[in-house]
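Source file: work14.pdb. Holds: PDB, C-alpha atoms.
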MODEL        1
ATOM      1  CA  MET Q   1      -0.243  21.741 -11.355
ATOM      2  CA  LYS Q   2       1.735  21.600  -8.107
ATOM      3  CA  GLN Q   3       4.498  19.060  -7.863
ATOM      4  CA  LYS Q   4       3.710  16.115  -5.618
ATOM      5  CA  VAL Q   5       6.153  14.894  -2.969
ATOM      6  CA  GLY Q   6       6.378  11.408  -1.487
ATOM      7  CA  VAL Q   7       7.876  10.671   1.917
ATOM      8  CA  VAL Q   8       8.905   7.090   2.682
ATOM      9  CA  GLY Q   9       9.552   6.508   6.369
ATOM     10  CA  LEU Q  10       7.340   8.293   8.899
ATOM     11  CA  GLY Q  11       9.349   7.824  12.088
ATOM     12  CA  ASN Q  12      10.936  10.523  14.254
ATOM     13  CA  MET Q  13      12.387  12.384  11.279
ATOM     14  CA  GLY Q  14      10.112  11.459   8.384
ATOM     15  CA  GLY Q  15       6.901  12.082  10.301
ATOM     16  CA  GLY Q  16       7.870  15.685  10.989
ATOM     17  CA  ILE Q  17       9.022  16.183   7.405
ATOM     18  CA  ALA Q  18       5.740  14.807   6.038
ATOM     19  CA  ARG Q  19       3.640  16.929   8.420
ATOM     20  CA  ASN Q  20       5.469  20.077   7.295
ATOM     21  CA  PHE Q  21       4.758  19.303   3.642
ATOM     22  CA  GLN Q  22       1.101  18.676   4.479
ATOM     23  CA  LYS Q  23       0.781  21.894   6.531
ATOM     24  CA  SER Q  24       2.358  23.841   3.664
ATOM     25  CA  GLY Q  25      -0.214  22.552   1.189
ATOM     26  CA  VAL Q  26       2.256  20.500  -0.845
ATOM     27  CA  PRO Q  27       0.427  17.574  -2.504
ATOM     28  CA  LEU Q  28       1.787  14.572  -0.629
ATOM     29  CA  ALA Q  29       2.039  10.799  -0.623
ATOM     30  CA  VAL Q  30       3.328   8.943   2.434
ATOM     31  CA  TRP Q  31       4.390   5.415   3.308
ATOM     32  CA  ASP Q  32       5.890   3.500   6.175
ATOM     33  CA  SER Q  33       6.516  -0.206   6.671
ATOM     34  CA  ALA Q  34       4.442   0.046   9.869
ATOM     35  CA  PRO Q  35       0.763   0.286   8.828
ATOM     36  CA  ALA Q  36      -0.194   1.911  12.153
ATOM     37  CA  VAL Q  37       2.062   4.868  11.350
ATOM     38  CA  CYS Q  38       0.416   5.356   7.957
ATOM     39  CA  ARG Q  39      -3.017   5.399   9.595
ATOM     40  CA  GLY Q  40      -2.101   8.719  11.205
ATOM     41  CA  PHE Q  41      -2.350  10.239   7.710
ATOM     42  CA  GLU Q  42      -5.608   8.549   6.659
ATOM     43  CA  GLY Q  43      -8.274  11.024   5.653
ATOM     44  CA  VAL Q  44      -5.886  13.994   5.759
ATOM     45  CA  ALA Q  45      -6.654  16.415   2.931
ATOM     46  CA  GLY Q  46      -4.048  16.448   0.173
ATOM     47  CA  VAL Q  47      -2.343  13.257   1.392
ATOM     48  CA  ASP Q  48      -2.343   9.864  -0.341
ATOM     49  CA  ILE Q  49      -1.047   6.729   1.328
ATOM     50  CA  ALA Q  50       0.891   4.795  -1.294
ATOM     51  CA  PRO Q  51       3.796   2.342  -1.273
ATOM     52  CA  PRO Q  52       7.038   3.543  -2.904
ATOM     53  CA  GLY Q  53       6.374   2.008  -6.325
ATOM     54  CA  GLU Q  54       2.987   3.695  -6.531
ATOM     55  CA  MET Q  55       4.590   6.923  -5.308
ATOM     56  CA  ALA Q  56       7.091   6.715  -8.155
ATOM     57  CA  ALA Q  57       4.182   6.767 -10.599
ATOM     58  CA  ILE Q  58       2.388   9.779  -9.057
ATOM     59  CA  CYS Q  59       5.131  11.948  -7.482
ATOM     60  CA  ASN Q  60       7.752  14.282  -8.888
ATOM     61  CA  VAL Q  61       9.965  13.807  -5.829
ATOM     62  CA  ILE Q  62      10.353  10.971  -3.339
ATOM     63  CA  ILE Q  63      12.212  11.557  -0.085
ATOM     64  CA  PHE Q  64      13.498   8.468   1.707
ATOM     65  CA  VAL Q  65      13.775   8.906   5.472
ATOM     66  CA  VAL Q  66      14.415   5.277   6.358
ATOM     67  CA  PRO Q  67      17.166   3.772   8.514
ATOM     68  CA  ALA Q  68      19.748   3.106   5.796
ATOM     69  CA  THR Q  69      20.589   2.176   2.214
ATOM     70  CA  PRO Q  70      19.230  -1.432   2.288
ATOM     71  CA  GLU Q  71      15.686  -0.163   2.926
ATOM     72  CA  ILE Q  72      15.918   2.132  -0.096
ATOM     73  CA  ALA Q  73      17.359  -0.646  -2.256
ATOM     74  CA  SER Q  74      14.433  -2.922  -1.372
ATOM     75  CA  CYS Q  75      11.947  -0.208  -2.429
ATOM     76  CA  PHE Q  76      13.606  -0.026  -5.850
ATOM     77  CA  GLU Q  77      13.214  -3.749  -6.645
ATOM     78  CA  GLY Q  78      10.587  -5.782  -8.456
ATOM     79  CA  ASP Q  79       7.725  -5.169 -10.831
ATOM     80  CA  HIS Q  80       6.046  -2.848  -8.301
ATOM     81  CA  GLY Q  81       9.196  -1.036  -7.183
ATOM     82  CA  VAL Q  82      10.408   2.487  -7.826
ATOM     83  CA  LEU Q  83      12.589   1.541 -10.810
ATOM     84  CA  ALA Q  84       9.708  -0.208 -12.588
ATOM     85  CA  LYS Q  85       7.069   2.446 -11.913
ATOM     86  CA  ALA Q  86       8.896   5.802 -12.008
ATOM     87  CA  VAL Q  87       7.520   8.720 -13.989
ATOM     88  CA  GLU Q  88       9.890  10.536 -16.285
ATOM     89  CA  GLY Q  89      12.004  13.067 -14.406
ATOM     90  CA  LEU Q  90      11.475  11.587 -10.927
ATOM     91  CA  VAL Q  91      13.916  12.943  -8.353
ATOM     92  CA  VAL Q  92      14.799  10.812  -5.340
ATOM     93  CA  TYR Q  93      16.290  12.367  -2.216
ATOM     94  CA  ASP Q  94      18.132  10.017   0.139
ATOM     95  CA  PHE Q  95      17.879  11.542   3.640
ATOM     96  CA  THR Q  96      19.304   8.393   5.256
ATOM     97  CA  THR Q  97      22.609   7.608   6.875
ATOM     98  CA  SER Q  98      23.646   5.911   3.676
ATOM     99  CA  ASP Q  99      26.449   3.586   2.653
ATOM    100  CA  PRO Q 100      28.403   5.514  -0.019
ATOM    101  CA  VAL Q 101      29.355   2.480  -2.126
ATOM    102  CA  ALA Q 102      25.862   0.969  -2.125
ATOM    103  CA  THR Q 103      24.290   4.388  -2.669
ATOM    104  CA  ARG Q 104      26.397   4.967  -5.792
ATOM    105  CA  LYS Q 105      25.188   1.616  -7.162
ATOM    106  CA  ILE Q 106      21.542   2.508  -6.502
ATOM    107  CA  ALA Q 107      22.072   5.971  -8.016
ATOM    108  CA  ALA Q 108      23.584   4.426 -11.182
ATOM    109  CA  ARG Q 109      20.613   2.073 -11.547
ATOM    110  CA  ALA Q 110      18.261   5.022 -11.026
ATOM    111  CA  ALA Q 111      20.108   7.128 -13.614
ATOM    112  CA  ALA Q 112      19.776   4.316 -16.161
ATOM    113  CA  ARG Q 113      15.988   4.683 -15.729
ATOM    114  CA  GLY Q 114      16.054   8.504 -15.941
ATOM    115  CA  ILE Q 115      15.699   9.005 -12.182
ATOM    116  CA  ALA Q 116      17.909  11.596 -10.484
ATOM    117  CA  TYR Q 117      19.200  10.329  -7.130
ATOM    118  CA  LEU Q 118      20.373  13.006  -4.714
ATOM    119  CA  ASP Q 119      22.215  12.154  -1.512
ATOM    120  CA  ALA Q 120      20.997  14.539   1.182
ATOM    121  CA  GLY Q 121      22.522  14.149   4.602
ATOM    122  CA  MET Q 122      20.558  16.056   7.206
ATOM    123  CA  SER Q 123      21.300  17.793  10.459
ATOM    124  CA  GLY Q 124      18.856  19.081  13.032
ATOM    125  CA  GLY Q 125      17.336  15.942  14.515
ATOM    126  CA  ALA Q 126      13.688  15.215  15.173
ATOM    127  CA  THR Q 127      13.206  18.710  16.612
ATOM    128  CA  GLY Q 128      14.409  20.234  13.330
ATOM    129  CA  ALA Q 129      12.205  17.858  11.328
ATOM    130  CA  ASP Q 130       9.158  18.898  13.360
ATOM    131  CA  ALA Q 131      10.036  22.598  13.101
ATOM    132  CA  GLY Q 132      10.968  22.491   9.406
ATOM    133  CA  THR Q 133      14.484  23.746  10.146
ATOM    134  CA  LEU Q 134      16.673  20.859   9.005
ATOM    135  CA  THR Q 135      19.966  21.606   7.315
ATOM    136  CA  LEU Q 136      20.569  19.462   4.226
ATOM    137  CA  MET Q 137      23.922  18.714   2.623
ATOM    138  CA  ILE Q 138      22.995  17.646  -0.897
ATOM    139  CA  GLY Q 139      25.085  16.005  -3.576
ATOM    140  CA  GLY Q 140      24.056  14.889  -7.035
ATOM    141  CA  ASP Q 141      22.631  16.245 -10.270
ATOM    142  CA  LYS Q 142      22.515  20.025  -9.948
ATOM    143  CA  ALA Q 143      19.764  20.477 -12.556
ATOM    144  CA  ALA Q 144      17.523  18.003 -10.696
ATOM    145  CA  PHE Q 145      18.219  19.838  -7.452
ATOM    146  CA  GLU Q 146      17.403  23.235  -8.973
ATOM    147  CA  ARG Q 147      14.190  21.821 -10.473
ATOM    148  CA  THR Q 148      13.007  20.587  -7.066
ATOM    149  CA  ARG Q 149      14.747  22.929  -4.629
ATOM    150  CA  ALA Q 150      11.642  24.983  -3.782
ATOM    151  CA  LEU Q 151       9.884  21.805  -2.671
ATOM    152  CA  LEU Q 152      12.384  21.501   0.177
ATOM    153  CA  ASP Q 153      11.372  24.833   1.737
ATOM    154  CA  PRO Q 154       8.720  23.394   4.077
TER
ENDMDL
END
Please express the file's structure as structure tokens.
Amino acid sequence: MKQKVGVVGLGNMGGGIARNFQKSGVPLAVWDSAPAVCRGFEGVAGVDIAPPGEMAAICNVIIFVVPATPEIASCFEGDHGVLAKAVEGLVVYDFTTSDPVATRKIAARAAARGIAYLDAGMSGGATGADAGTLTLMIGGDKAAFERTRALLDP
């Protein structure tokens, strides 16, 4: 079975990233805090619309393309959040402009639940996201990266 990817945040960067996964045939789940943005993916073959906690239960990888660390932290909280719902071996990629101190705290909480949290700064802008040519600078668990690296190709 193909690994499923979730993309949280469908703005200028995340929308292009999600569309490239979809065009490449990668099973996909998407979410954005703006319902109108999610509607652009309704009825698209191979794409589920699911909030982050639900994504954590059905995806192997979740990519956060939200403004910053606080938005990720809020997705991790509560009985329906990522930490509560994550499948074993979930890998989270943080594509945000993150706060290093807060990110380390989130990553430690994720690790305690068996979730690998990879910090992945990106370069290439919205044009690169649309074209699938972003450059990622990734830090974190190397085994988790190697296990999911091919998913980043699109």
Just say which residues the PyMOL selection byres ((chain Q and resi 89-97) around 8) picks in this file, as a PDB file with C-alpha atoms, in the frame of the given file.
ATOM      1  CA  ALA Q  56       7.091   6.715  -8.155  1.00  0.00           C
ATOM      2  CA  CYS Q  59       5.131  11.948  -7.482  1.00  0.00           C
ATOM      3  CA  ASN Q  60       7.752  14.282  -8.888  1.00  0.00           C
ATOM      4  CA  VAL Q  61       9.965  13.807  -5.829  1.00  0.00           C
ATOM      5  CA  ILE Q  62      10.353  10.971  -3.339  1.00  0.00           C
ATOM      6  CA  ILE Q  63      12.212  11.557  -0.085  1.00  0.00           C
ATOM      7  CA  PHE Q  64      13.498   8.468   1.707  1.00  0.00           C
ATOM      8  CA  VAL Q  65      13.775   8.906   5.472  1.00  0.00           C
ATOM      9  CA  VAL Q  66      14.415   5.277   6.358  1.00  0.00           C
ATOM     10  CA  PRO Q  67      17.166   3.772   8.514  1.00  0.00           C
ATOM     11  CA  ALA Q  68      19.748   3.106   5.796  1.00  0.00           C
ATOM     12  CA  THR Q  69      20.589   2.176   2.214  1.00  0.00           C
ATOM     13  CA  ALA Q  86       8.896   5.802 -12.008  1.00  0.00           C
ATOM     14  CA  VAL Q  87       7.520   8.720 -13.989  1.00  0.00           C
ATOM     15  CA  GLU Q  88       9.890  10.536 -16.285  1.00  0.00           C
ATOM     16  CA  SER Q  98      23.646   5.911   3.676  1.00  0.00           C
ATOM     17  CA  ASP Q  99      26.449   3.586   2.653  1.00  0.00           C
ATOM     18  CA  GLY Q 114      16.054   8.504 -15.941  1.00  0.00           C
ATOM     19  CA  ILE Q 115      15.699   9.005 -12.182  1.00  0.00           C
ATOM     20  CA  ALA Q 116      17.909  11.596 -10.484  1.00  0.00           C
ATOM     21  CA  TYR Q 117      19.200  10.329  -7.130  1.00  0.00           C
ATOM     22  CA  LEU Q 118      20.373  13.006  -4.714  1.00  0.00           C
ATOM     23  CA  ASP Q 119      22.215  12.154  -1.512  1.00  0.00           C
ATOM     24  CA  ALA Q 120      20.997  14.539   1.182  1.00  0.00           C
ATOM     25  CA  GLY Q 121      22.522  14.149   4.602  1.00  0.00           C
ATOM     26  CA  MET Q 122      20.558  16.056   7.206  1.00  0.00           C
ATOM     27  CA  ALA Q 144      17.523  18.003 -10.696  1.00  0.00           C
ATOM     28  CA  THR Q 148      13.007  20.587  -7.066  1.00  0.00           C
TER      29      THR Q 148
END
Tell me which protein, DNA and RNA residues are within 9 Å of Gln22 of chain Q, counting only C-alpha atoms, leaving out same-chain ones fewer than 4 positions away, and put them as a ChimeraX atom specification.
/Q:17-18,26-28,44-47,154
Could you please give me, as a ChimeraX atom specification, the residues of protein, DNA or RNA lying at most 7 Å from (19.5, -3.5, -5.0) in the coordinate frame of the file, considering only C-alpha atoms?
/Q:73-74,76-77,106
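Taking atom CA of Ala112 of chain Q as the reference point, atom CA of Met13 of chain Q is found at 29.5 Å.
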What gap, in Å, lies between atom CA of Gly128 of chain Q and atom CA of Gly16 of chain Q?
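Atom-to-atom, atom CA of Gly128 of chain Q to atom CA of Gly16 of chain Q, that is 8.3 Å.
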Proximity to Ala34 of chain Q - best of Q:Ala131, Q:Cys75, Q:Leu10, Q:Ala57, all atoms listed in the file
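Checking each candidate against Ala34 of chain Q, we get Q:Leu10 as the closest.
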